[in-house]
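Chemist: If you scroll down you'll find the structure; I have some questions about it.
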Amino acid sequence: MFSDQVIANIDNALRTLTGQQVGSDRPYPARDIPDTLLRPWERQRAGRMMRVNHAGEIMAQALYTGQATGTDDPELREQLQRARTEEEDHLRWCEARLRELDSRPSLLAPLWYGAGWSMGFLAARRGRASNLGLVVTVENQVEEHLNSHLDELPADDDRSRAIVAQMRDDEVGHAAKAEELGAEKLPMPILLAMGVFSKVLTRGALWV
């Protein structure tokens, strides 16, 4: 029912923006890794980078929620919701690392959520192949971004690196599954717009 979908969407938004997400309860990737990052300026730098990753995971929550809401395909909806649960794990892990680094989430989180939900819903209304194509495009962008963070994080920050590496592996799996299910390549104007927005999110979350 429409009312159920509205309630579920509001619930997900509130849980995501207030740090109340559940996830699949997978263990924290950095749990057994000592925190050897001691220099204050390096902890600050790592905190900013993890803030960007956290903002990306907020957008991922919104994206998958919008996609699941907009599709009429029960099988695809179930797949999208399964991927969203894994993204909740990412969100929990990023929040934990931000606390360890005495950093904070982006103040623009509601903006990232609203943009992600709208993008996901619109892609879903264009059909199954377009919906899956959005997953592939976004996850490929995220994979590239996380690979760059693995290179750019402070050399001593093994805890953040463990989190980012697990997130990267999950994103690769999401893209591969979407390809398997029949994703189509999105039109070039959409790809260009998504590239621009990715840069806006990265720059905005880095400092705000």
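Going through the structure tokens in order, the chains are called A, B, and so on, while each chain numbers its residues from 1 and the ligands are numbered from 1 in the order shown.
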Which polymer residues have any atom within 10 Å of an atom of Asn131 of chain A, counting only C-alpha atoms, with same-chain residues fewer than 6 positions away left out, as a list in words?

Modeler: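 Using only C-alpha atoms, the neighbours found are Tyr64, Gln67, Ala68, Gly70, Thr71, Leu76, Leu80, Met119, Gly120, Phe121, Leu122, Ala123, Ala124, Arg125, Ala178, Gly182, Ala183, Glu184 and Leu186 of chain A.
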
Chemist: Give me the residues near segment 149-166 of chain A as an MDAnalysis selection string, where near means some atom within 12 Å (using only C-alpha atoms) and where sequence neighbours in that chain fewer than 2 positions away do not count.

Modeler: chainID A and resid 26:54 56:57 86:87 89:101 142:147 168:173 202

Chemist: Skip Pro187 of chain A itself and residues of its chain fewer than 6 positions away, then list as a list in words all residues within 12 Å of it, counting only C-alpha atoms.

Modeler: Ala123, Arg126, Ser130, Gly133, Leu134, Thr137, Ala193 and Met194 of chain A

Chemist: Selected residues, N, CA, C and O atoms, written as an mmCIF file, in the first residue's frame, please.

Modeler:
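Output file out.cif is given in full below:
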data_model
loop_
_atom_site.group_PDB
_atom_site.id
_atom_site.type_symbol
_atom_site.label_atom_id
_atom_site.label_comp_id
_atom_site.auth_asym_id
_atom_site.auth_seq_id
_atom_site.Cartn_x
_atom_site.Cartn_y
_atom_site.Cartn_z
ATOM 1 N N ALA A 123 15.185 6.733 -11.589
ATOM 2 C CA ALA A 123 15.768 5.643 -12.373
ATOM 3 C C ALA A 123 14.851 4.432 -12.374
ATOM 4 O O ALA A 123 14.673 3.759 -13.399
ATOM 5 N N ARG A 126 12.010 4.492 -14.813
ATOM 6 C CA ARG A 126 12.372 4.314 -16.218
ATOM 7 C C ARG A 126 12.437 2.837 -16.598
ATOM 8 O O ARG A 126 12.609 2.507 -17.764
ATOM 9 N N SER A 130 17.156 0.259 -16.498
ATOM 10 C CA SER A 130 17.679 1.553 -16.086
ATOM 11 C C SER A 130 17.961 1.575 -14.581
ATOM 12 O O SER A 130 18.967 2.133 -14.122
ATOM 13 N N GLY A 133 21.015 -0.264 -14.129
ATOM 14 C CA GLY A 133 22.102 0.525 -14.699
ATOM 15 C C GLY A 133 22.597 1.587 -13.743
ATOM 16 O O GLY A 133 23.807 1.887 -13.698
ATOM 17 N N LEU A 134 21.684 2.160 -12.967
ATOM 18 C CA LEU A 134 22.084 3.151 -11.971
ATOM 19 C C LEU A 134 22.958 2.508 -10.902
ATOM 20 O O LEU A 134 23.952 3.103 -10.458
ATOM 21 N N THR A 137 26.466 2.061 -12.374
ATOM 22 C CA THR A 137 27.166 3.338 -12.532
ATOM 23 C C THR A 137 27.632 3.888 -11.193
ATOM 24 O O THR A 137 28.786 4.294 -11.036
ATOM 25 N N ALA A 193 26.089 14.088 -15.629
ATOM 26 C CA ALA A 193 25.482 14.755 -14.477
ATOM 27 C C ALA A 193 25.863 14.050 -13.176
ATOM 28 O O ALA A 193 26.135 14.701 -12.159
ATOM 29 N N MET A 194 25.891 12.727 -13.204
ATOM 30 C CA MET A 194 26.262 11.972 -12.008
ATOM 31 C C MET A 194 27.719 12.206 -11.641
ATOM 32 O O MET A 194 28.072 12.274 -10.460
#
